[in-house]
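Undergrad: Next up, run-v2.tsv (TSV, C-alpha atoms).
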```tsv
chain	number	residue	atom	x	y	z
P	1477	MET	CA	0.00	0.00	0.00
P	1478	LYS	CA	1.33	3.42	-0.88
P	1479	LYS	CA	1.87	5.70	2.07
P	1480	PRO	CA	0.31	9.20	2.09
P	1481	LEU	CA	2.45	12.23	1.46
P	1482	SER	CA	2.09	13.31	5.09
P	1483	PHE	CA	3.97	10.15	6.06
P	1484	ILE	CA	6.62	10.76	3.43
P	1485	LEU	CA	7.30	14.25	4.64
P	1486	SER	CA	7.20	13.28	8.30
P	1487	VAL	CA	10.20	11.01	7.92
P	1488	PHE	CA	12.44	13.86	6.80
P	1489	ALA	CA	14.28	16.04	9.26
P	1490	VAL	CA	13.12	19.62	8.92
P	1491	ALA	CA	16.16	21.88	8.78
P	1492	THR	CA	16.10	25.54	9.72
P	1493	ILE	CA	15.44	27.55	6.58
P	1494	SER	CA	17.80	30.41	5.94
P	1495	VAL	CA	16.07	32.80	3.56
P	1496	GLY	CA	17.85	35.48	1.63
P	1497	CYS	CA	21.28	33.83	1.68
P	1498	SER	CA	23.77	34.76	-0.97
P	1499	SER	CA	27.26	34.03	-2.19
P	1500	ASN	CA	29.31	35.04	-5.17
P	1501	GLU	CA	33.05	35.16	-5.52
P	1502	ASN	CA	32.74	38.19	-7.81
P	1503	ALA	CA	31.20	40.22	-4.99
P	1504	GLU	CA	34.62	40.44	-3.35
P	1505	ASN	CA	35.84	42.75	-6.10
P	1506	GLU	CA	33.52	45.58	-7.09
P	1507	GLU	CA	35.96	46.78	-9.77
P	1508	ILE	CA	35.67	43.70	-12.01
P	1509	THR	CA	35.07	44.75	-15.61
P	1510	LYS	CA	31.68	43.49	-16.81
P	1511	THR	CA	31.61	42.62	-20.47
P	1512	GLY	CA	28.21	40.92	-20.74
P	1513	PRO	CA	24.84	42.41	-21.73
P	1514	THR	CA	23.27	45.18	-19.68
P	1515	GLU	CA	19.75	44.83	-18.31
P	1516	THR	CA	18.52	47.02	-21.16
P	1517	GLN	CA	20.22	44.80	-23.74
P	1518	GLN	CA	18.70	41.71	-22.15
P	1519	ALA	CA	15.23	43.23	-22.44
P	1520	LEU	CA	15.55	43.75	-26.19
P	1521	GLY	CA	14.63	40.12	-26.83
P	1522	LYS	CA	16.16	37.29	-28.80
P	1523	SER	CA	18.36	37.73	-31.83
P	1524	GLU	CA	19.84	35.33	-34.33
P	1525	ILE	CA	22.99	33.49	-33.32
P	1526	GLY	CA	25.91	33.53	-35.71
P	1527	MET	CA	27.02	30.39	-37.53
P	1528	PRO	CA	30.59	29.20	-36.94
P	1529	THR	CA	33.32	30.19	-39.35
P	1530	GLY	CA	36.95	29.28	-39.72
P	1531	PRO	CA	38.64	26.01	-38.80
P	1532	ILE	CA	37.37	23.62	-36.14
P	1533	ASP	CA	39.35	23.54	-32.91
P	1534	PRO	CA	41.99	20.78	-33.10
P	1535	ASP	CA	40.52	19.12	-29.99
P	1536	LEU	CA	37.15	18.80	-31.67
P	1537	GLU	CA	38.48	17.38	-34.91
P	1538	ARG	CA	38.43	14.07	-33.02
P	1539	ILE	CA	34.62	14.19	-32.80
P	1540	THR	CA	32.74	12.40	-35.57
P	1541	LEU	CA	29.27	13.62	-36.57
P	1542	PRO	CA	26.80	12.89	-39.37
P	1543	GLU	CA	27.41	14.74	-42.61
P	1544	GLY	CA	26.56	18.44	-42.49
P	1545	PHE	CA	26.99	18.79	-38.72
P	1546	ARG	CA	29.77	20.70	-37.00
P	1547	ILE	CA	30.88	20.99	-33.36
P	1548	ASP	CA	32.62	24.03	-31.84
P	1549	TYR	CA	33.41	25.31	-28.39
P	1550	TYR	CA	30.65	27.56	-27.06
P	1551	ALA	CA	32.48	28.12	-23.77
P	1552	LYS	CA	35.66	26.92	-22.09
P	1553	GLY	CA	36.61	27.09	-18.42
P	1554	VAL	CA	33.17	26.15	-17.11
P	1555	ASP	CA	34.51	23.95	-14.33
P	1556	ASN	CA	32.53	20.72	-13.92
P	1557	ALA	CA	29.74	21.91	-16.27
P	1558	ARG	CA	26.64	19.77	-15.67
P	1559	SER	CA	22.93	20.58	-16.13
P	1560	MET	CA	21.95	23.60	-18.22
P	1561	ALA	CA	18.95	25.93	-18.42
P	1562	LEU	CA	18.32	28.58	-21.09
P	1563	SER	CA	16.91	31.96	-20.07
P	1564	GLU	CA	14.63	34.07	-22.25
P	1565	SER	CA	17.45	36.35	-23.37
P	1566	GLY	CA	19.76	33.44	-24.19
P	1567	ILE	CA	21.90	33.22	-21.05
P	1568	ILE	CA	22.88	29.64	-20.20
P	1569	PHE	CA	22.77	28.84	-16.49
P	1570	VAL	CA	24.91	25.85	-15.56
P	1571	GLY	CA	24.95	23.70	-12.43
P	1572	THR	CA	27.82	21.65	-11.04
P	1573	ARG	CA	28.20	18.45	-9.07
P	1574	GLU	CA	31.81	18.45	-7.84
P	1575	GLN	CA	32.01	22.23	-7.50
P	1576	ASP	CA	29.84	24.32	-5.17
P	1577	ARG	CA	28.70	26.87	-7.70
P	1578	VAL	CA	26.27	27.85	-10.44
P	1579	TYR	CA	27.41	29.76	-13.53
P	1580	ALA	CA	25.90	32.13	-16.06
P	1581	VAL	CA	27.41	31.70	-19.54
P	1582	VAL	CA	26.88	34.85	-21.60
P	1583	ASP	CA	27.17	35.33	-25.37
P	1584	GLU	CA	26.80	39.10	-25.59
P	1585	ASP	CA	27.32	39.59	-29.31
P	1586	LYS	CA	25.37	36.45	-30.34
P	1587	ASP	CA	28.22	35.09	-32.41
P	1588	GLY	CA	27.80	31.56	-31.06
P	1589	LYS	CA	30.71	31.79	-28.62
P	1590	ALA	CA	30.43	32.83	-24.99
P	1591	ASP	CA	32.06	36.10	-24.03
P	1592	GLU	CA	31.96	35.54	-20.29
P	1593	VAL	CA	31.44	32.91	-17.58
P	1594	VAL	CA	30.04	34.47	-14.39
P	1595	VAL	CA	29.84	32.75	-10.99
P	1596	VAL	CA	26.25	33.41	-9.94
P	1597	ALA	CA	26.44	31.67	-6.55
P	1598	SER	CA	28.92	29.53	-4.63
P	1599	GLY	CA	29.03	27.67	-1.33
P	1600	LEU	CA	26.21	25.35	-2.42
P	1601	THR	CA	25.99	21.57	-1.97
P	1602	MET	CA	26.11	19.68	-5.28
P	1603	PRO	CA	23.98	22.28	-7.14
P	1604	ASN	CA	23.59	20.01	-10.17
P	1605	GLY	CA	20.04	20.87	-11.25
P	1606	VAL	CA	18.93	24.17	-12.77
P	1607	ALA	CA	15.61	25.29	-14.27
P	1608	ILE	CA	14.08	28.59	-15.41
P	1609	ARG	CA	10.49	29.71	-14.80
P	1610	ASN	CA	9.04	33.22	-15.17
P	1611	GLY	CA	12.46	34.83	-14.98
P	1612	ALA	CA	13.49	32.92	-11.84
P	1613	LEU	CA	16.33	30.43	-11.61
P	1614	TYR	CA	15.60	27.27	-9.60
P	1615	VAL	CA	18.64	25.37	-8.32
P	1616	ALA	CA	18.50	21.84	-6.89
P	1617	GLU	CA	21.04	20.97	-4.22
P	1618	VAL	CA	21.14	17.56	-2.54
P	1619	ASN	CA	18.47	18.18	0.09
P	1620	ARG	CA	16.70	21.29	-1.13
P	1621	VAL	CA	15.56	23.49	-4.00
P	1622	ILE	CA	16.26	27.23	-3.91
P	1623	ARG	CA	15.09	30.06	-6.18
P	1624	PHE	CA	16.82	33.21	-7.45
P	1625	ASP	CA	14.21	35.70	-8.68
P	1626	SER	CA	14.74	38.05	-11.66
P	1627	ILE	CA	17.95	36.20	-12.39
P	1628	GLU	CA	18.71	37.87	-15.73
P	1629	GLN	CA	18.85	41.24	-13.98
P	1630	THR	CA	20.67	40.08	-10.83
P	1631	PHE	CA	23.07	37.28	-11.79
P	1632	ARG	CA	26.11	39.59	-11.58
P	1633	ASN	CA	25.22	41.16	-8.27
P	1634	ASN	CA	25.53	38.48	-5.60
P	1635	PRO	CA	21.82	37.56	-5.84
P	1636	THR	CA	19.87	36.40	-2.83
P	1637	TYR	CA	17.75	33.27	-2.88
P	1638	GLU	CA	14.62	31.89	-1.30
P	1639	VAL	CA	14.33	28.29	-0.09
P	1640	VAL	CA	11.53	26.62	-2.06
P	1641	ASN	CA	11.62	23.20	-0.39
P	1642	ASP	CA	14.21	21.63	1.93
P	1643	GLN	CA	12.42	18.35	2.62
P	1644	PHE	CA	14.61	16.09	0.47
P	1645	PRO	CA	17.09	13.53	1.87
P	1646	SER	CA	20.68	14.63	2.36
P	1647	ASP	CA	22.37	11.43	1.14
P	1648	ALA	CA	25.25	12.20	-1.22
P	1649	HIS	CA	25.00	8.79	-2.94
P	1650	HIS	CA	22.86	9.51	-6.04
P	1651	GLY	CA	21.88	12.73	-4.28
P	1652	TRP	CA	22.67	15.13	-7.14
P	1653	LYS	CA	19.55	16.13	-9.01
P	1654	PHE	CA	18.35	17.09	-12.48
P	1655	VAL	CA	15.23	19.28	-12.37
P	1656	ALA	CA	12.81	20.65	-14.95
P	1657	PHE	CA	9.34	22.17	-15.16
P	1658	GLY	CA	6.73	20.04	-16.89
P	1659	PRO	CA	3.77	21.01	-19.08
P	1660	ASP	CA	1.68	21.04	-15.87
P	1661	ASP	CA	3.89	23.86	-14.47
P	1662	LYS	CA	5.17	21.58	-11.70
P	1663	LEU	CA	8.83	21.17	-10.86
P	1664	TYR	CA	9.98	17.56	-11.25
P	1665	VAL	CA	12.71	16.47	-8.84
P	1666	PRO	CA	14.21	12.94	-8.82
P	1667	VAL	CA	15.44	11.32	-5.61
P	1668	GLY	CA	18.02	8.63	-6.36
P	1669	ALA	CA	18.55	5.40	-4.44
P	1670	PRO	CA	21.02	5.97	-1.55
P	1671	CYS	CA	23.04	2.91	-2.59
P	1672	ASN	CA	23.95	0.67	-5.51
P	1673	ILE	CA	21.11	-1.75	-4.75
P	1674	CYS	CA	18.85	-1.65	-1.68
P	1675	LYS	CA	15.25	-1.34	-0.56
P	1676	SER	CA	14.78	1.72	1.63
P	1677	GLU	CA	12.07	2.08	4.24
P	1678	ASN	CA	11.63	5.67	3.15
P	1679	PRO	CA	9.35	5.63	0.07
P	1680	ILE	CA	10.75	8.80	-1.45
P	1681	TYR	CA	14.01	7.12	-2.48
P	1682	ALA	CA	14.29	5.81	-6.06
P	1683	THR	CA	11.49	8.04	-7.34
P	1684	ILE	CA	10.72	11.09	-9.41
P	1685	THR	CA	8.74	13.60	-7.37
P	1686	ARG	CA	6.98	16.78	-8.40
P	1687	MET	CA	5.77	19.89	-6.60
P	1688	ASP	CA	4.21	23.28	-7.22
P	1689	PRO	CA	6.58	26.16	-8.07
P	1690	ASP	CA	6.33	27.44	-4.47
P	1691	GLY	CA	7.43	24.05	-3.10
P	1692	SER	CA	4.00	22.93	-1.91
P	1693	ASN	CA	2.14	19.72	-2.75
P	1694	LEU	CA	5.24	17.55	-2.99
P	1695	GLU	CA	4.26	14.09	-4.23
P	1696	ILE	CA	5.77	10.96	-5.74
P	1697	TYR	CA	5.09	10.80	-9.48
P	1698	ALA	CA	7.03	7.69	-10.58
P	1699	GLU	CA	8.56	4.85	-8.54
P	1700	GLY	CA	11.26	2.24	-9.06
P	1701	VAL	CA	13.67	4.78	-10.60
P	1702	ARG	CA	17.23	4.05	-9.44
P	1703	ASN	CA	18.95	7.25	-10.57
P	1704	SER	CA	17.58	9.55	-13.24
P	1705	VAL	CA	19.72	12.56	-14.18
P	1706	GLY	CA	17.79	13.60	-17.27
P	1707	PHE	CA	14.23	13.83	-18.54
P	1708	ASP	CA	12.00	15.70	-20.96
P	1709	TRP	CA	8.39	15.69	-22.19
P	1710	HIS	CA	7.31	14.54	-25.64
P	1711	PRO	CA	6.36	17.68	-27.58
P	1712	GLU	CA	3.13	16.13	-28.87
P	1713	THR	CA	1.91	13.68	-26.20
P	1714	ASN	CA	3.37	15.43	-23.12
P	1715	ASP	CA	4.46	12.03	-21.79
P	1716	LEU	CA	7.52	12.22	-19.53
P	1717	TYR	CA	10.58	10.35	-20.81
P	1718	PHE	CA	13.58	9.80	-18.54
P	1719	THR	CA	16.96	8.11	-18.53
P	1720	ASP	CA	17.80	5.76	-15.67
P	1721	ASN	CA	21.21	4.38	-14.71
P	1722	GLY	CA	21.26	0.61	-14.10
P	1723	ARG	CA	22.77	-1.01	-11.01
P	1724	ASP	CA	26.43	-1.99	-10.79
P	1725	LEU	CA	28.30	-5.21	-9.96
P	1726	MET	CA	26.35	-7.60	-12.18
P	1727	GLY	CA	28.94	-7.71	-14.97
P	1728	ASP	CA	30.01	-5.55	-17.90
P	1729	ASN	CA	26.84	-5.99	-19.94
P	1730	VAL	CA	24.09	-6.40	-17.34
P	1731	PRO	CA	21.90	-4.54	-16.81
P	1732	ALA	CA	21.37	-1.98	-19.56
P	1733	ASP	CA	20.67	1.66	-18.79
P	1734	GLU	CA	17.09	2.60	-19.60
P	1735	LEU	CA	15.00	5.13	-21.47
P	1736	ASN	CA	11.54	5.09	-19.89
P	1737	ARG	CA	8.17	6.69	-20.58
P	1738	VAL	CA	5.65	7.69	-17.94
P	1739	THR	CA	2.04	7.68	-19.15
P	1740	GLU	CA	0.35	8.17	-15.77
P	1741	LYS	CA	1.18	8.97	-12.18
P	1742	GLY	CA	2.12	6.06	-9.92
P	1743	GLN	CA	3.82	3.76	-12.40
P	1744	HIS	CA	6.68	1.58	-11.11
P	1745	PHE	CA	9.79	1.05	-13.26
P	1746	GLY	CA	11.28	-1.95	-11.49
P	1747	TYR	CA	14.09	-0.94	-9.14
P	1748	PRO	CA	15.26	-2.77	-7.03
P	1749	TYR	CA	13.36	-5.87	-8.17
P	1750	CYS	CA	13.78	-5.84	-11.95
P	1751	HIS	CA	16.31	-4.09	-14.20
P	1752	ALA	CA	15.99	-3.07	-17.87
P	1753	GLY	CA	12.60	-4.73	-18.10
P	1754	ASP	CA	13.78	-8.34	-18.09
P	1755	VAL	CA	16.56	-8.89	-15.52
P	1756	LEU	CA	15.43	-9.95	-12.04
P	1757	ASP	CA	17.74	-8.74	-9.32
P	1758	PRO	CA	19.63	-11.66	-7.71
P	1759	GLU	CA	18.79	-10.38	-4.22
P	1760	PHE	CA	15.57	-8.39	-4.44
P	1761	GLY	CA	13.98	-10.11	-7.43
P	1762	LYS	CA	13.10	-13.33	-5.64
P	1763	ASN	CA	9.39	-14.18	-5.93
P	1764	ARG	CA	8.88	-11.22	-8.26
P	1765	ASN	CA	8.19	-11.01	-11.99
P	1766	CYS	CA	9.38	-8.30	-14.38
P	1767	SER	CA	5.88	-8.17	-15.87
P	1768	GLU	CA	4.78	-6.37	-12.69
P	1769	PHE	CA	6.67	-3.26	-13.77
P	1770	VAL	CA	6.81	-0.83	-16.69
P	1771	ALA	CA	9.48	-1.92	-19.18
P	1772	PRO	CA	11.78	0.66	-20.80
P	1773	VAL	CA	10.92	1.93	-24.27
P	1774	GLN	CA	14.58	1.51	-25.20
P	1775	LYS	CA	17.56	-0.22	-23.61
P	1776	LEU	CA	20.70	1.92	-23.60
P	1777	HIS	CA	24.39	1.10	-23.15
P	1778	PRO	CA	24.98	-1.01	-20.01
P	1779	HIS	CA	26.72	1.21	-17.46
P	1780	GLY	CA	26.97	3.90	-20.14
P	1781	GLY	CA	26.02	6.73	-17.81
P	1782	SER	CA	22.96	7.94	-19.74
P	1783	LEU	CA	22.25	11.39	-18.32
P	1784	GLY	CA	20.68	14.50	-19.88
P	1785	MET	CA	18.16	14.08	-22.71
P	1786	LYS	CA	16.06	16.38	-24.86
P	1787	PHE	CA	13.51	16.09	-27.63
P	1788	TYR	CA	14.79	18.12	-30.55
P	1789	THR	CA	12.17	20.71	-31.58
P	1790	GLY	CA	14.36	23.21	-33.45
P	1791	ASN	CA	14.43	24.07	-37.14
P	1792	MET	CA	18.15	23.94	-37.92
P	1793	PHE	CA	18.70	20.18	-38.05
P	1794	PRO	CA	17.21	18.05	-40.87
P	1795	GLU	CA	13.54	17.10	-40.55
P	1796	GLU	CA	14.40	13.51	-39.63
P	1797	TYR	CA	15.60	14.75	-36.23
P	1798	ARG	CA	12.39	16.61	-35.39
P	1799	ASN	CA	10.85	15.37	-32.11
P	1800	GLN	CA	13.58	12.75	-31.71
P	1801	ILE	CA	15.62	12.27	-28.53
P	1802	PHE	CA	19.23	13.28	-27.97
P	1803	ILE	CA	20.96	11.68	-24.97
P	1804	ALA	CA	24.26	12.65	-23.33
P	1805	GLU	CA	26.11	9.43	-22.52
P	1806	HIS	CA	28.52	10.35	-19.74
P	1807	GLY	CA	30.48	7.10	-19.96
P	1808	SER	CA	31.15	4.06	-17.79
P	1809	TRP	CA	33.26	4.18	-14.66
P	1810	ASN	CA	33.72	0.50	-13.70
P	1811	ARG	CA	33.44	-1.46	-16.93
P	1812	SER	CA	36.46	-3.53	-18.06
P	1813	GLU	CA	36.11	-1.84	-21.47
P	1814	LYS	CA	34.81	1.71	-21.43
P	1815	ILE	CA	31.57	2.58	-23.19
P	1816	GLY	CA	29.61	5.79	-23.74
P	1817	TYR	CA	31.44	9.15	-23.70
P	1818	SER	CA	29.22	10.23	-26.57
P	1819	LEU	CA	26.01	11.87	-27.73
P	1820	ALA	CA	23.35	9.46	-29.00
P	1821	THR	CA	19.88	9.58	-30.50
P	1822	VAL	CA	16.81	7.47	-29.93
P	1823	THR	CA	14.49	7.70	-32.93
P	1824	THR	CA	10.98	6.34	-33.37
P	1825	ASP	CA	9.66	5.22	-36.75
P	1826	ALA	CA	6.08	5.24	-38.07
P	1827	ASN	CA	5.43	1.85	-36.45
P	1828	GLY	CA	6.57	3.01	-33.04
P	1829	GLN	CA	9.84	1.07	-33.15
P	1830	THR	CA	12.78	2.80	-31.48
P	1831	THR	CA	16.42	2.80	-32.54
P	1832	HIS	CA	19.38	3.82	-30.38
P	1833	LYS	CA	22.47	4.91	-32.30
P	1834	PRO	CA	25.51	7.19	-31.89
P	1835	PHE	CA	25.37	10.78	-33.09
P	1836	ALA	CA	28.62	12.35	-31.85
P	1837	GLU	CA	31.61	10.23	-30.83
P	1838	GLY	CA	35.29	10.80	-30.14
P	1839	TRP	CA	35.56	11.83	-26.49
P	1840	LEU	CA	36.77	8.25	-25.92
P	1841	GLN	CA	39.98	7.46	-27.82
P	1842	GLY	CA	40.74	3.77	-27.40
P	1843	GLN	CA	40.37	3.40	-23.64
P	1844	GLU	CA	41.39	6.99	-22.85
P	1845	ASP	CA	38.61	9.53	-22.35
P	1846	TRP	CA	39.15	13.28	-22.52
P	1847	GLY	CA	35.54	14.44	-22.27
P	1848	ARG	CA	32.26	13.31	-20.71
P	1849	PRO	CA	28.97	14.76	-22.05
P	1850	VAL	CA	26.37	15.51	-19.37
P	1851	ASP	CA	23.42	17.53	-20.67
P	1852	VAL	CA	21.93	18.91	-23.88
P	1853	VAL	CA	19.84	22.01	-24.57
P	1854	SER	CA	18.47	23.54	-27.77
P	1855	MET	CA	19.10	27.19	-28.57
P	1856	SER	CA	16.56	29.56	-30.12
P	1857	ASP	CA	18.18	29.18	-33.56
P	1858	GLY	CA	17.93	25.38	-33.47
P	1859	SER	CA	21.58	24.69	-32.65
P	1860	MET	CA	22.35	22.41	-29.72
P	1861	LEU	CA	24.58	22.87	-26.69
P	1862	VAL	CA	26.28	19.98	-24.90
P	1863	SER	CA	27.92	20.31	-21.48
P	1864	ASP	CA	31.04	18.36	-20.48
P	1865	ASP	CA	32.06	18.06	-16.83
P	1866	LYS	CA	35.50	16.54	-17.53
P	1867	ASN	CA	36.67	18.92	-20.26
P	1868	ASP	CA	35.03	21.83	-18.37
P	1869	ALA	CA	33.35	23.02	-21.54
P	1870	ILE	CA	30.11	23.62	-23.40
P	1871	TYR	CA	30.01	22.68	-27.08
P	1872	ARG	CA	27.71	23.99	-29.81
P	1873	ILE	CA	26.52	21.69	-32.59
P	1874	THR	CA	25.25	23.31	-35.79
P	1875	TYR	CA	24.07	22.05	-39.18
P	1876	SER	CA	24.36	23.49	-42.66
P	1877	LYS	CA	23.76	21.92	-46.04
```
I need this file expressed as structure tokens, please.

TA:
Amino acid sequence: MKKPLSFILSVFAVATISVGCSSNENAENEEITKTGPTETQQALGKSEIGMPTGPIDPDLERITLPEGFRIDYYAKGVDNARSMALSESGIIFVGTREQDRVYAVVDEDKDGKADEVVVVASGLTMPNGVAIRNGALYVAEVNRVIRFDSIEQTFRNNPTYEVVNDQFPSDAHHGWKFVAFGPDDKLYVPVGAPCNICKSENPIYATITRMDPDGSNLEIYAEGVRNSVGFDWHPETNDLYFTDNGRDLMGDNVPADELNRVTEKGQHFGYPYCHAGDVLDPEFGKNRNCSEFVAPVQKLHPHGGSLGMKFYTGNMFPEEYRNQIFIAEHGSWNRSEKIGYSLATVTTDANGQTTHKPFAEGWLQGQEDWGRPVDVVSMSDGSMLVSDDKNDAIYRITYSK
């Protein structure tokens, strides 16, 4: 029997909320030259972004792409760049996992290359998740979500924040979060399993939750989700699709990572009983059947670190990519032969059959990796940005005939 939300919330320790906190390394030096857009320039609205010219950076010549596509650096020196959110004026806000900060990446002259990387806030705890709503920046730390209002006007000025909800567990294991607002205007917040494989007494673990923008009405939306660090909604059906990282220590090729689809609240996706739709867990799968749970719509690379994903809705790429999924494959960490370290697509044909195939490869050279893609976001011109937390960079992928 599912427990009511009042029970779920009662098991969390309620920390003292500190409202109006702030931190920004730039605040220590009021004389720093500011080269980004002014508030007036931001208010002028979107403009076209320039197409790349000149030779490709030698680093990126190692990346293979389909014909007609090109990859360039959008920004360098974005330490541990993880999840990204695009503001109305085109500023990219970037979270981190191993750093304590959130960045604003600014392309003032709209030439397709960032002019400045600004530290918006520091002193945070694994601020991996970022989302934009009505001009406010939401940041997900391990145990809470905070909000910076009017962020486009305040990101340079040591902005203060409000605590939206601090009722999440504080476990660091799978504690970093990807967040996004859904078509229902609710903020979706995953809570990973606090282990490789376990069954917790607290029902909020291994779920995707959602809540109102003010932090109220927190509820569990999907269960049996080991560790999702990326999701998006189908542009036509509004179904939630999410990546999920499979458990470790069952061998190189078992189980596969998953791409799942949620069609209604309350569905269970298997963890810890069943993995990838057809692999019963050797410990927790006894006397269970995988048919009890929702199977993935597509199996992904086993231990491939499938993280950020987006449906492509832009107009720059060829029509065959419209409404198809791009997935950042961060790469394996404990496989005897590395896998992932790439950008992949999952496409669906007219019969509903899905295909998972590589789109951009080359961050893994033999068994040596020099980059690890984390998240993807589409720009207003239809180009695509990809973050990389190992190479400390954001790439821009464009297409021209």

Undergrad: With all atoms listed in the file as the counted atoms, please give the residues lying no more than 10 Å from segment 1755-1760 of chain P, apart from itself and same-chain residues fewer than 5 positions off, as an MDAnalysis selection string.

TA: chainID P and resid 1673:1675 1723 1726 1730:1732 1746:1750 1765:1766

Undergrad: Which residue gives the smallest distance to Asn1867 of chain P among P:Arg1573, P:Lys1552, P:Lys1653, P:His1832, with only C-alpha atoms counted?

TA: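 Ranked by minimum distance to Asn1867 of chain P, first place goes to P:Lys1552.
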
Undergrad: Give the answer as one residue: which of P:Glu1795, P:Glu1564, P:Glu1805, P:Asp1587 has the shortest atom-to-atom distance to Asn1610 of chain P, using all atoms listed in the file?

TA: P:Glu1564

Undergrad: With all atoms listed in the file as the counted atoms, please give the residues lying no more than 9 Å from segment 1699-1704 of chain P, apart from itself and same-chain residues fewer than 5 positions off, as number ranges by chain.

TA: P: 1650-1651, 1653-1654, 1666-1670, 1672-1673, 1679-1685, 1718-1723, 1742-1750, 1769, 1782-1784

Undergrad: With C-alpha atoms retained, could you export that selection as an mmCIF file, in the frame of the given file?

TA:
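So the final result, stored in out_34.cif, reads:
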```
data_model
loop_
_atom_site.group_PDB
_atom_site.id
_atom_site.type_symbol
_atom_site.label_atom_id
_atom_site.label_comp_id
_atom_site.auth_asym_id
_atom_site.auth_seq_id
_atom_site.Cartn_x
_atom_site.Cartn_y
_atom_site.Cartn_z
ATOM 1 C CA HIS P 1650 22.860 9.510 -6.040
ATOM 2 C CA GLY P 1651 21.880 12.730 -4.280
ATOM 3 C CA LYS P 1653 19.550 16.130 -9.010
ATOM 4 C CA PHE P 1654 18.350 17.090 -12.480
ATOM 5 C CA PRO P 1666 14.210 12.940 -8.820
ATOM 6 C CA VAL P 1667 15.440 11.320 -5.610
ATOM 7 C CA GLY P 1668 18.020 8.630 -6.360
ATOM 8 C CA ALA P 1669 18.550 5.400 -4.440
ATOM 9 C CA PRO P 1670 21.020 5.970 -1.550
ATOM 10 C CA ASN P 1672 23.950 0.670 -5.510
ATOM 11 C CA ILE P 1673 21.110 -1.750 -4.750
ATOM 12 C CA PRO P 1679 9.350 5.630 0.070
ATOM 13 C CA ILE P 1680 10.750 8.800 -1.450
ATOM 14 C CA TYR P 1681 14.010 7.120 -2.480
ATOM 15 C CA ALA P 1682 14.290 5.810 -6.060
ATOM 16 C CA THR P 1683 11.490 8.040 -7.340
ATOM 17 C CA ILE P 1684 10.720 11.090 -9.410
ATOM 18 C CA THR P 1685 8.740 13.600 -7.370
ATOM 19 C CA PHE P 1718 13.580 9.800 -18.540
ATOM 20 C CA THR P 1719 16.960 8.110 -18.530
ATOM 21 C CA ASP P 1720 17.800 5.760 -15.670
ATOM 22 C CA ASN P 1721 21.210 4.380 -14.710
ATOM 23 C CA GLY P 1722 21.260 0.610 -14.100
ATOM 24 C CA ARG P 1723 22.770 -1.010 -11.010
ATOM 25 C CA GLY P 1742 2.120 6.060 -9.920
ATOM 26 C CA GLN P 1743 3.820 3.760 -12.400
ATOM 27 C CA HIS P 1744 6.680 1.580 -11.110
ATOM 28 C CA PHE P 1745 9.790 1.050 -13.260
ATOM 29 C CA GLY P 1746 11.280 -1.950 -11.490
ATOM 30 C CA TYR P 1747 14.090 -0.940 -9.140
ATOM 31 C CA PRO P 1748 15.260 -2.770 -7.030
ATOM 32 C CA TYR P 1749 13.360 -5.870 -8.170
ATOM 33 C CA CYS P 1750 13.780 -5.840 -11.950
ATOM 34 C CA PHE P 1769 6.670 -3.260 -13.770
ATOM 35 C CA SER P 1782 22.960 7.940 -19.740
ATOM 36 C CA LEU P 1783 22.250 11.390 -18.320
ATOM 37 C CA GLY P 1784 20.680 14.500 -19.880
#
```

Undergrad: When you draw a straight line from atom CA of Leu1861 of chain P to atom CA of Gly1781 of chain P, how long is it in Å?

TA: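 Separating atom CA of Leu1861 of chain P from atom CA of Gly1781 of chain P is a distance of 18.5 Å.
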
Undergrad: Given all atoms listed in the file as the basis, pick out the residue of P:Thr1789, P:Asn1714, P:Thr1824, P:Asn1810 nearest to Glu1740 of chain P.

TA: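 Checking each candidate against Glu1740 of chain P, we get P:Asn1714 as the closest.
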
Undergrad: Show me, as a Markdown table, the residues of segment 1666-1770 of chain P having an atom within 12 Å of segment 1846-1854 of chain P, each with the closest atom pair and its distance in Å, using all atoms listed in the file.

TA:
```
| residue | atom | partner | partner_atom | distance |
| --- | --- | --- | --- | --- |
| P:Val1705 | CA | P:Val1850 | CA | 8.9 |
| P:Gly1706 | CA | P:Asp1851 | CA | 7.7 |
| P:Phe1707 | CA | P:Asp1851 | CA | 10.1 |
| P:Asp1708 | CA | P:Val1853 | CA | 10.7 |
| P:Thr1719 | CA | P:Asp1851 | CA | 11.6 |
```

Undergrad: Filtering to C-alpha atoms, could you give me those residues as an mmCIF file, in the frame of the given file?

TA:
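So the final result, stored in again_16.cif, reads:
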```cif
data_model
loop_
_atom_site.group_PDB
_atom_site.id
_atom_site.type_symbol
_atom_site.label_atom_id
_atom_site.label_comp_id
_atom_site.auth_asym_id
_atom_site.auth_seq_id
_atom_site.Cartn_x
_atom_site.Cartn_y
_atom_site.Cartn_z
ATOM 1 C CA VAL P 1705 19.720 12.560 -14.180
ATOM 2 C CA GLY P 1706 17.790 13.600 -17.270
ATOM 3 C CA PHE P 1707 14.230 13.830 -18.540
ATOM 4 C CA ASP P 1708 12.000 15.700 -20.960
ATOM 5 C CA THR P 1719 16.960 8.110 -18.530
#
```

Undergrad: Show me, as a short mmCIF file (atom, residue, chain, number, x, y, z; two decimals) with C-alpha atoms, in the frame of the given file, the residues that have an atom within 9 Å of Asp1583 of chain P when counting all atoms listed in the file, minus same-chain residues fewer than 5 positions from it.

TA:
```cif
data_model
loop_
_atom_site.label_atom_id
_atom_site.label_comp_id
_atom_site.auth_asym_id
_atom_site.auth_seq_id
_atom_site.Cartn_x
_atom_site.Cartn_y
_atom_site.Cartn_z
CA GLY P 1512 28.21 40.92 -20.74
CA PRO P 1513 24.84 42.41 -21.73
CA TYR P 1550 30.65 27.56 -27.06
CA GLY P 1566 19.76 33.44 -24.19
CA ILE P 1567 21.90 33.22 -21.05
CA ILE P 1568 22.88 29.64 -20.20
CA GLY P 1588 27.80 31.56 -31.06
CA LYS P 1589 30.71 31.79 -28.62
CA ALA P 1590 30.43 32.83 -24.99
CA ASP P 1591 32.06 36.10 -24.03
CA GLU P 1592 31.96 35.54 -20.29
#
```
